[in-house]
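Asks: Supplied structure: model-v5.txt, compact mmCIF, C-alpha atoms and all ligand atoms.
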```
# COMPACT_ATOMS: atom_id res chain seq x y z
CA MET A 1 38.27 -32.01 2.14
CA LYS A 2 41.59 -30.98 0.63
CA LEU A 3 41.14 -27.88 2.78
CA VAL A 4 41.52 -29.82 6.07
CA ARG A 5 44.92 -29.60 7.80
CA PRO A 6 46.89 -32.78 6.97
CA ASN A 7 47.58 -33.54 10.67
CA ILE A 8 43.83 -33.47 11.35
CA VAL A 9 43.16 -35.83 8.44
CA ALA A 10 45.78 -38.19 9.92
CA LEU A 11 44.58 -37.76 13.52
CA THR A 12 43.26 -40.71 15.51
CA PRO A 13 40.71 -39.05 17.79
CA TYR A 14 40.33 -39.85 21.49
CA SER A 15 38.03 -42.80 21.88
CA SER A 16 35.90 -42.58 25.03
CA ALA A 17 34.89 -45.62 27.08
CA ARG A 18 31.23 -45.44 26.17
CA THR A 19 31.92 -44.92 22.48
CA GLU A 20 34.00 -48.11 22.39
CA PHE A 21 31.48 -50.22 24.28
CA ASP A 22 29.03 -51.88 21.92
CA GLY A 23 26.58 -54.03 23.86
CA PRO A 24 23.19 -53.85 25.51
CA GLY A 25 24.79 -52.25 28.60
CA GLY A 26 23.26 -51.77 32.04
CA ILE A 27 26.34 -52.15 34.20
CA PHE A 28 28.95 -49.51 33.42
CA LEU A 29 32.34 -50.23 34.93
CA ASP A 30 34.27 -48.78 32.01
CA ALA A 31 34.72 -45.05 32.72
CA ASN A 32 35.82 -44.71 36.36
CA GLU A 33 32.68 -42.77 37.23
CA ASN A 34 31.24 -42.79 40.75
CA SER A 35 28.84 -45.74 40.61
CA LEU A 36 27.00 -44.65 43.78
CA GLY A 37 25.59 -41.35 42.54
CA SER A 38 25.95 -37.57 42.94
CA PRO A 39 25.93 -35.48 46.13
CA THR A 40 22.89 -33.46 45.03
CA GLY A 41 19.39 -34.59 44.10
CA THR A 42 20.11 -34.84 40.39
CA ALA A 43 22.25 -37.68 39.12
CA PHE A 44 25.19 -36.39 37.10
CA ASN A 45 27.58 -39.21 37.94
CA ARG A 46 27.66 -40.50 34.35
CA TYR A 47 29.58 -38.88 31.51
CA PRO A 48 27.30 -37.26 28.93
CA ASP A 49 26.76 -38.66 25.43
CA PRO A 50 29.82 -37.37 23.54
CA LEU A 51 27.89 -37.19 20.27
CA GLN A 52 24.64 -35.81 21.80
CA LYS A 53 22.50 -38.23 19.79
CA GLU A 54 19.19 -37.42 21.47
CA VAL A 55 19.76 -33.67 21.18
CA LYS A 56 20.74 -34.00 17.53
CA ARG A 57 17.71 -36.13 16.75
CA LYS A 58 15.45 -33.37 18.09
CA ILE A 59 17.35 -30.55 16.40
CA ALA A 60 17.28 -32.48 13.12
CA GLU A 61 13.51 -32.84 13.41
CA MET A 62 13.19 -29.12 14.07
CA GLU A 63 15.53 -28.08 11.25
CA GLY A 64 14.39 -30.68 8.77
CA CYS A 65 17.91 -32.02 8.25
CA SER A 66 19.80 -35.19 9.11
CA PRO A 67 21.52 -35.55 12.52
CA LYS A 68 24.66 -36.15 10.45
CA ASN A 69 24.58 -32.51 9.39
CA ILE A 70 24.66 -31.21 12.98
CA PHE A 71 27.60 -30.37 15.22
CA VAL A 72 26.71 -29.40 18.81
CA GLY A 73 29.21 -27.27 20.69
CA ASN A 74 29.88 -25.47 23.95
CA GLY A 75 28.41 -22.30 22.47
CA SER A 76 28.85 -21.42 18.81
CA ASP A 77 32.13 -19.87 19.94
CA GLU A 78 33.45 -23.44 20.23
CA ALA A 79 32.40 -24.14 16.64
CA ILE A 80 34.26 -21.00 15.47
CA ASP A 81 37.42 -22.11 17.26
CA LEU A 82 37.17 -25.71 16.00
CA LEU A 83 36.60 -24.62 12.39
CA ILE A 84 39.77 -22.55 12.51
CA ARG A 85 41.73 -25.37 14.13
CA VAL A 86 40.49 -27.91 11.59
CA PHE A 87 41.12 -25.85 8.47
CA CYS A 88 43.94 -23.37 9.16
CA ARG A 89 47.55 -24.44 9.36
CA PRO A 90 49.06 -22.14 12.02
CA GLY A 91 51.38 -19.54 10.56
CA ILE A 92 50.41 -20.48 7.00
CA ASP A 93 46.69 -20.18 6.25
CA ASN A 94 44.34 -17.22 6.49
CA ILE A 95 40.70 -16.37 7.13
CA ILE A 96 38.67 -13.45 5.79
CA VAL A 97 36.32 -11.41 7.98
CA CYS A 98 34.08 -8.49 7.05
CA PRO A 99 34.24 -5.74 9.68
CA PRO A 100 32.40 -4.32 11.48
CA THR A 101 31.45 -7.78 12.73
CA TYR A 102 31.58 -10.22 15.63
CA GLY A 103 34.97 -10.10 17.35
CA MET A 104 35.47 -13.80 18.10
CA TYR A 105 36.42 -14.77 14.52
CA GLU A 106 39.49 -12.57 14.72
CA VAL A 107 40.36 -13.57 18.31
CA SER A 108 40.06 -17.30 17.61
CA ALA A 109 42.18 -16.88 14.49
CA ALA A 110 44.84 -14.99 16.46
CA ILE A 111 44.90 -17.70 19.15
CA ASN A 112 45.39 -20.32 16.46
CA GLU A 113 47.94 -18.22 14.56
CA ALA A 114 45.83 -17.91 11.43
CA GLU A 115 46.28 -14.67 9.51
CA VAL A 116 43.17 -12.47 9.41
CA ARG A 117 42.36 -10.58 6.22
CA PHE A 118 39.75 -7.85 6.20
CA ALA A 119 37.16 -7.20 3.52
CA PRO A 120 35.03 -4.48 5.17
CA LEU A 121 31.31 -4.16 4.63
CA THR A 122 30.16 -1.32 2.38
CA ALA A 123 28.92 1.96 3.90
CA ASP A 124 25.38 0.53 4.07
CA PHE A 125 26.71 -2.59 5.85
CA GLU A 126 26.39 -4.93 2.84
CA LEU A 127 28.90 -7.58 1.79
CA ASP A 128 31.48 -6.59 -0.79
CA PRO A 129 32.13 -9.85 -2.72
CA ALA A 130 34.71 -8.19 -4.98
CA ALA A 131 36.73 -7.11 -1.92
CA ILE A 132 36.52 -10.67 -0.54
CA PHE A 133 37.69 -12.21 -3.84
CA LYS A 134 40.57 -9.73 -3.95
CA LYS A 135 41.73 -10.71 -0.44
CA ALA A 136 41.44 -14.44 -1.05
CA ASP A 137 44.37 -16.57 -2.17
CA ASP A 138 45.25 -20.28 -2.18
CA ARG A 139 45.86 -20.14 1.57
CA THR A 140 42.40 -18.79 2.40
CA ARG A 141 40.59 -21.52 4.28
CA LEU A 142 37.60 -19.79 5.86
CA VAL A 143 35.40 -16.76 5.26
CA PHE A 144 33.26 -15.62 8.19
CA LEU A 145 30.02 -13.84 7.31
CA CYS A 146 27.38 -12.84 9.83
CA SER A 147 23.70 -12.29 9.08
CA PRO A 148 21.97 -10.56 10.81
CA ASN A 149 25.32 -8.95 11.50
CA ASN A 150 26.61 -8.03 14.94
CA PRO A 151 26.98 -5.07 15.69
CA THR A 152 25.19 -3.48 12.72
CA GLY A 153 21.95 -5.46 13.10
CA ASN A 154 21.14 -5.83 9.39
CA SER A 155 20.83 -9.01 7.35
CA VAL A 156 23.17 -9.19 4.39
CA ASP A 157 22.10 -10.11 0.86
CA PRO A 158 21.76 -13.93 0.74
CA GLN A 159 22.58 -13.90 -2.98
CA ALA A 160 25.96 -12.35 -2.17
CA VAL A 161 26.62 -15.08 0.41
CA LEU A 162 25.79 -17.79 -2.11
CA ARG A 163 27.91 -16.16 -4.78
CA ILE A 164 30.87 -16.08 -2.38
CA SER A 165 30.37 -19.73 -1.42
CA ARG A 166 30.12 -20.76 -5.08
CA GLU A 167 33.13 -18.82 -6.32
CA LEU A 168 35.61 -19.38 -3.50
CA TYR A 169 37.51 -22.58 -2.87
CA ALA A 170 37.21 -22.14 0.90
CA VAL A 171 34.74 -22.88 3.67
CA VAL A 172 32.17 -20.09 3.94
CA VAL A 173 30.72 -19.74 7.42
CA ILE A 174 27.49 -17.83 7.84
CA ASP A 175 26.80 -16.96 11.46
CA GLU A 176 23.02 -16.89 12.00
CA ALA A 177 23.12 -16.16 15.76
CA TYR A 178 20.25 -13.65 15.34
CA ILE A 179 18.29 -15.33 12.53
CA HIS A 180 15.15 -15.82 14.66
CA PHE A 181 14.64 -12.05 14.94
CA SER A 182 15.10 -11.54 11.22
CA SER A 183 12.52 -11.26 8.51
CA SER A 184 14.88 -12.91 6.02
CA GLY A 185 15.23 -16.67 6.05
CA THR A 186 18.01 -19.06 6.93
CA LEU A 187 20.49 -20.36 4.38
CA ALA A 188 20.47 -23.80 6.05
CA GLY A 189 18.63 -25.25 3.04
CA GLU A 190 21.61 -24.47 0.80
CA ILE A 191 24.01 -26.85 2.54
CA ALA A 192 22.91 -29.78 0.38
CA SER A 193 23.95 -28.00 -2.81
CA GLN A 194 26.84 -25.96 -1.30
CA PRO A 195 29.00 -28.43 0.65
CA ASN A 196 31.48 -25.66 1.61
CA LEU A 197 28.78 -23.71 3.48
CA VAL A 198 28.61 -23.86 7.29
CA ILE A 199 25.69 -22.33 9.21
CA LEU A 200 26.29 -21.31 12.83
CA ARG A 201 23.41 -21.03 15.25
CA THR A 202 23.28 -20.46 18.98
CA PHE A 203 20.85 -21.14 21.81
CA SER A 204 22.19 -18.01 23.55
CA LYS A 205 20.03 -15.33 21.94
CA ALA A 206 16.45 -16.10 20.82
CA TRP A 207 16.33 -19.29 22.89
CA GLY A 208 17.25 -17.47 26.08
CA LEU A 209 19.87 -20.04 27.13
CA ALA A 210 23.15 -18.09 27.08
CA GLY A 211 24.16 -19.54 30.44
CA LEU A 212 23.79 -23.09 29.19
CA ARG A 213 26.49 -22.67 26.48
CA VAL A 214 25.10 -24.49 23.48
CA GLY A 215 25.62 -23.59 19.85
CA ILE A 216 25.40 -25.63 16.68
CA ALA A 217 26.91 -25.81 13.24
CA LEU A 218 24.88 -27.13 10.32
CA ALA A 219 27.09 -28.40 7.55
CA ASP A 220 27.94 -31.13 5.09
CA GLU A 221 28.42 -34.47 6.83
CA ARG A 222 32.14 -34.52 6.01
CA ILE A 223 32.72 -31.19 7.74
CA VAL A 224 30.72 -32.29 10.82
CA LYS A 225 32.77 -35.48 10.99
CA VAL A 226 36.08 -33.69 10.93
CA ILE A 227 35.03 -31.13 13.58
CA ASN A 228 33.83 -33.99 15.80
CA LYS A 229 37.27 -35.53 15.48
CA VAL A 230 38.88 -32.48 17.06
CA LYS A 231 36.32 -31.46 19.68
CA PRO A 232 36.84 -32.33 23.36
CA PRO A 233 34.99 -35.65 23.86
CA TYR A 234 32.48 -34.32 26.41
CA ASN A 235 32.06 -30.77 25.13
CA VAL A 236 28.35 -30.42 26.02
CA SER A 237 27.48 -31.23 29.62
CA GLU A 238 24.71 -33.61 30.68
CA ALA A 239 22.95 -30.67 32.38
CA ALA A 240 23.04 -28.68 29.14
CA GLN A 241 21.81 -31.63 27.06
CA ARG A 242 18.88 -32.31 29.39
CA GLU A 243 17.87 -28.66 29.60
CA LEU A 244 18.14 -28.32 25.85
CA LEU A 245 15.86 -31.31 25.24
CA ALA A 246 13.28 -29.66 27.51
CA ALA A 247 13.70 -26.33 25.69
CA ILE A 248 13.11 -27.88 22.28
CA ASP A 249 9.75 -29.05 23.60
CA ASN A 250 8.91 -25.40 24.29
CA THR A 251 9.35 -23.91 20.83
CA VAL A 252 6.02 -22.10 21.12
CA GLU A 253 7.31 -20.16 24.10
CA VAL A 254 10.46 -19.26 22.16
CA ALA A 255 8.41 -18.02 19.23
CA ASP A 256 6.28 -15.91 21.60
CA MET A 257 9.39 -14.36 23.19
CA VAL A 258 10.89 -13.63 19.78
CA ALA A 259 7.67 -11.92 18.64
CA ALA A 260 7.57 -9.89 21.86
CA ILE A 261 11.23 -8.86 21.52
CA VAL A 262 10.71 -7.78 17.90
CA LYS A 263 7.78 -5.60 19.02
CA LEU A 264 9.79 -4.12 21.90
CA ARG A 265 12.68 -3.51 19.51
CA ASP A 266 10.57 -1.59 17.04
CA ARG A 267 9.00 0.48 19.83
CA LEU A 268 12.42 1.19 21.38
CA ALA A 269 13.77 2.23 17.97
CA LYS A 270 11.00 4.83 17.69
CA SER A 271 11.53 6.18 21.23
CA LEU A 272 15.27 6.47 20.66
CA ALA A 273 14.88 8.11 17.25
CA ALA A 274 12.81 10.86 18.91
CA LEU A 275 15.71 11.92 21.17
CA ASN A 276 17.92 14.88 20.22
CA VAL A 277 21.03 13.05 21.43
CA VAL A 278 20.32 10.34 18.86
CA VAL A 279 21.54 10.97 15.33
CA ARG A 280 20.28 7.73 13.81
CA VAL A 281 18.82 4.37 14.73
CA TYR A 282 19.87 1.77 12.18
CA ARG A 283 17.32 -0.73 10.91
CA SER A 284 17.67 -3.94 12.92
CA ASP A 285 16.92 -7.56 12.11
CA ALA A 286 18.24 -8.66 15.52
CA ASN A 287 17.52 -8.21 19.24
CA PHE A 288 19.69 -5.10 19.52
CA LEU A 289 19.90 -1.67 17.96
CA LEU A 290 22.92 0.15 16.58
CA VAL A 291 22.39 3.78 17.52
CA LYS A 292 24.48 6.73 16.35
CA MET A 293 24.69 9.35 19.11
CA THR A 294 25.75 12.99 19.16
CA ASP A 295 28.12 12.02 22.01
CA ALA A 296 28.40 8.23 22.32
CA VAL A 297 31.07 8.18 25.02
CA GLY A 298 29.21 10.79 27.11
CA ALA A 299 25.96 8.86 26.76
CA TYR A 300 27.72 5.60 27.59
CA ARG A 301 29.13 7.10 30.81
CA HIS A 302 25.82 8.69 31.75
CA LEU A 303 24.00 5.37 31.29
CA ALA A 304 26.69 3.50 33.23
CA ALA A 305 26.31 5.92 36.15
CA ASP A 306 22.58 5.14 36.04
CA GLY A 307 23.36 1.42 36.26
CA ILE A 308 22.60 0.72 32.59
CA ALA A 309 25.18 -1.22 30.59
CA VAL A 310 25.26 -0.85 26.81
CA ARG A 311 28.05 -1.65 24.36
CA ASP A 312 30.26 1.20 23.22
CA ARG A 313 31.03 0.56 19.54
CA SER A 314 32.02 4.16 18.83
CA ARG A 315 35.60 3.31 17.89
CA VAL A 316 34.63 0.45 15.58
CA GLU A 317 35.13 0.87 11.82
CA LEU A 318 31.95 2.26 10.12
CA CYS A 319 30.28 2.55 13.55
CA ASP A 320 31.84 5.77 14.81
CA GLY A 321 29.65 7.49 17.36
CA CYS A 322 27.55 4.34 17.83
CA LEU A 323 26.29 2.42 20.83
CA ARG A 324 24.93 -1.10 20.52
CA ILE A 325 21.89 -1.45 22.74
CA THR A 326 20.25 -4.80 23.49
CA VAL A 327 16.45 -4.74 23.62
CA GLY A 328 15.40 -5.11 27.26
CA THR A 329 12.10 -5.66 29.00
CA LYS A 330 9.47 -2.93 28.66
CA GLU A 331 10.56 -1.49 32.02
CA GLU A 332 14.27 -1.68 31.19
CA ASN A 333 13.70 0.10 27.88
CA ARG A 334 11.68 2.79 29.67
CA ARG A 335 14.54 3.30 32.14
CA LEU A 336 17.04 3.48 29.27
CA VAL A 337 15.06 6.12 27.39
CA GLY A 338 14.43 8.03 30.64
CA SER A 339 18.15 8.09 31.40
CA LEU A 340 18.95 9.34 27.89
CA GLU A 341 16.28 12.05 28.24
CA ARG A 342 18.04 13.26 31.39
CA PHE A 343 21.36 13.16 29.52
CA GLU A 344 19.75 15.23 26.79
CA GLY A 345 18.43 17.69 29.41
CA GLN A 346 21.92 18.17 30.80
CA GLY A 347 23.34 18.70 27.33
CA SER A 348 20.72 21.21 26.24
CA GLU A 349 21.05 23.11 29.51
CA ASP A 350 24.78 23.35 28.87
CA GLU A 351 24.06 24.53 25.36
CA LYS A 352 21.48 27.02 26.62
CA SER A 353 23.81 28.43 29.21
CA ALA A 354 26.53 28.63 26.57
CA PHE A 355 24.07 30.39 24.26
CA HIS A 356 23.01 32.90 26.94
CA ARG A 357 26.54 33.60 28.03
CA PRO A 358 27.13 37.31 27.57
C1 LIG A 401 26.43 -13.91 20.62
C2 LIG A 401 27.04 -14.34 19.36
C3 LIG A 401 27.63 -15.59 19.23
C4 LIG A 401 27.96 -16.41 20.46
O1 LIG A 401 27.21 -17.47 20.63
P1 LIG A 401 27.50 -18.51 21.81
O2 LIG A 401 26.72 -19.65 21.33
O3 LIG A 401 26.96 -17.88 23.05
O4 LIG A 401 28.95 -18.79 21.90
C5 LIG A 401 28.07 -16.01 17.98
N1 LIG A 401 27.99 -15.19 16.92
C6 LIG A 401 27.47 -13.95 17.02
C7 LIG A 401 27.41 -13.09 15.83
C8 LIG A 401 27.00 -13.49 18.25
O5 LIG A 401 26.55 -12.23 18.34
```
Go ahead and render the structure in this file as structure tokens.
Replies:
Amino acid sequence: MKLVRPNIVALTPYSSARTEFDGPGGIFLDANENSLGSPTGTAFNRYPDPLQKEVKRKIAEMEGCSPKNIFVGNGSDEAIDLLIRVFCRPGIDNIIVCPPTYGMYEVSAAINEAEVRFAPLTADFELDPAAIFKKADDRTRLVFLCSPNNPTGNSVDPQAVLRISRELYAVVVIDEAYIHFSSSGTLAGEIASQPNLVILRTFSKAWGLAGLRVGIALADERIVKVINKVKPPYNVSEAAQRELLAAIDNTVEVADMVAAIVKLRDRLAKSLAALNVVVRVYRSDANFLLVKMTDAVGAYRHLAADGIAVRDRSRVELCDGCLRITVGTKEENRRLVGSLERFEGQGSEDEKSAFHRP
């Protein structure tokens, strides 16, 4: 906890009306809510539980951990921002990221004036612990690792993650946004023995709830406590908490969707690999594919004109010539491949006409 910013250690957090009240309750005249109700059918006139106790109880059951090890945020993006604000003194401390990776670590750090140091992945998208150790100094507060990694799609070696968390005096964050699609397991079980490890999860990907904005951090109780101190009191809405409780009762449906997406992914990878405009489809442990194209920008524009949005990652370090393509429905994937076949047809006709030019 020596890593926490001194002003955060000293901070007296905002104390909400309902947190202060300690009685059987029933009549709530303490928070200036509208006591009569809401204008729509659903009652949202009360503030939500600031510590999301019911949600945490259910997540704890599901994860096999204590509710004390869970932070619930407005998307895992909120957890990323809060971790930087809790640990990095603006203009003084630094974080380490391993590009190519998720862009929010760097953006949140920039917003909070934390220096960003880069320890790129190796050519086969693995962690380079030696590079990380070289970049680290006594002002390194956080290291952001991502597995399965966005945008490369692969899981990184868990032994490397653990080695980094053991050898560095810093908080090591492992972003498991895509863990449900992966064949390798979570590192959540390591928190008990590695108190500087933070696991990020989101309900936006496998759970199909991106619009709800809920993400979690699993961490040592002391880290959860200090993040809770800094978070906005009502960071997860009542609507989100209710919907989430219902979703956690539907884990079978989530597992079915994940299995279906993994199947669609592997089929899409094969269809794409068969195209001449595709140089390489990288192995994916997530719900998207990183695809190296002969002409990524041309393909991107062609798809866009066909009404198909993919992510152009062609100017990203180690990803040159690559598009990142999310796995769609069967029909969407068929349309994608069809559009790329037409793109290929155009290209080869151009080549043919060039070839036959006298
Ligand atoms: C999508 C994504 C997130 C964002 O999650 P939210 O909970 O929607 O904020 C976090 N990390 C990675 C690596 C992602 O790809």
Asks: Near Ile84 in chain A, within 8 Å and counting all atoms listed in the file, which residues show up once chain neighbours fewer than 5 positions away are dropped, as a PyMOL selection string?
Replies: chain A and resi 108-109+112+114+142
Asks: To one decimal place, how far is CA of Asn150 in chain A from CA of Ala259 in chain A in Å?
Replies: 19.7 Å
Asks: What do you get as a ChimeraX atom specification if you pick all residues at most 10 Å from ligand LIG 401 (chain A), counting only C-alpha atoms and all ligand atoms?
Replies: /A:73-80,101-105,144-151,153,174-179,200-205,209-216,286-288
Asks: When distances are computed from all atoms listed in the file, which of A:Asn7, A:Thr140, A:Thr186, A:Ser155 shows the smallest separation from Glu63 in chain A?
Replies: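 For Glu63 in chain A, the nearest of the candidates is A:Thr186.
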Asks: Which residues are close to range 37-52 of chain A, i.e. within 12 Å by all atoms listed in the file, leaving aside same-chain residues fewer than 6 positions away? Reply as a PyMOL selection string.
Replies: chain A and resi 14-20+27-31+58-60+67-68+70-74+214+216+224-225+227-229+231-242+244-245
Asks: Pick out the residues sitting within 8 Å of range 303-307 of chain A, and hand them over as an NGL selection string; count only C-alpha atoms, and ignore anything fewer than 2 positions along from it in its own chain.
Replies: :A and (299-301 or 309-310 or 336 or 339-340)
Asks: Since we have the selection now, will you write its residues out, keeping C-alpha atoms, as a compact mmCIF listing (two decimals), keeping the file's coordinate frame?
Replies:
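What follows is the written file out33.txt:
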```txt
# COMPACT_ATOMS: atom_id res chain seq x y z
CA ALA A 299 25.96 8.86 26.76
CA TYR A 300 27.72 5.60 27.59
CA ARG A 301 29.13 7.10 30.81
CA ALA A 309 25.18 -1.22 30.59
CA VAL A 310 25.26 -0.85 26.81
CA LEU A 336 17.04 3.48 29.27
CA SER A 339 18.15 8.09 31.40
CA LEU A 340 18.95 9.34 27.89
```
Asks: What's the separation between CA of Ile8 in chain A and CA of Val173 in chain A, in Å to one decimal place?
Replies: 19.4 Å
Asks: Between A:Gly26, A:Gly189, A:Pro120, A:Pro158, single out the one closest to Cys65 in chain A, counting only C-alpha atoms.
Replies: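 Smallest distance to Cys65 in chain A is found for A:Gly189.
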Asks: Between A:Ala260, A:Glu115, A:Val9, A:Asp128, which residue has the minimum interatomic distance to Arg222 in chain A, considering all atoms listed in the file?
Replies: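 Answer, going by the shortest atom-to-atom distance: A:Val9.
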Asks: Within 12 Å of Asp256 in chain A, counting all atoms listed in the file, which residues qualify if same-chain residues fewer than 6 places away don't, as a list in words?
Replies: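 Once the adjacent positions are removed, what remains is His180, Phe181, Ala206, Trp207, Gly208, Asn250, Val262 and Lys263 of chain A.
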Asks: Using Å and a single decimal, report how far CA of Val327 in chain A sits from CA of Met293 in chain A.
Replies: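 So the answer is 16.9 Å.
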Asks: For Ala136 in chain A, please output as a PyMOL selection string all residues within 12 Å (counting all atoms listed in the file; exclusion window: fewer than 2 positions along the same chain).
Replies: chain A and resi 93-97+115-119+129-134+138-143+164+167-172
Asks: Using all atoms listed in the file, which of the listed residues (A:Ala247, A:Val226, A:Arg311, A:Val337) sits closest to Ala273 in chain A?
Replies: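 Distance minimum relative to Ala273 in chain A lands on A:Val337.
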Asks: Pick the closest to Ala123 in chain A from A:Ala269, A:Gly345, A:Glu317, A:Thr326: which is it, counting all atoms listed in the file?
Replies: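 Closest candidate: A:Glu317.
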Asks: Closest to Lys2 in chain A among A:Phe125, A:Cys88, A:Ile191, A:Ser284, using only C-alpha atoms?
Replies: A:Cys88
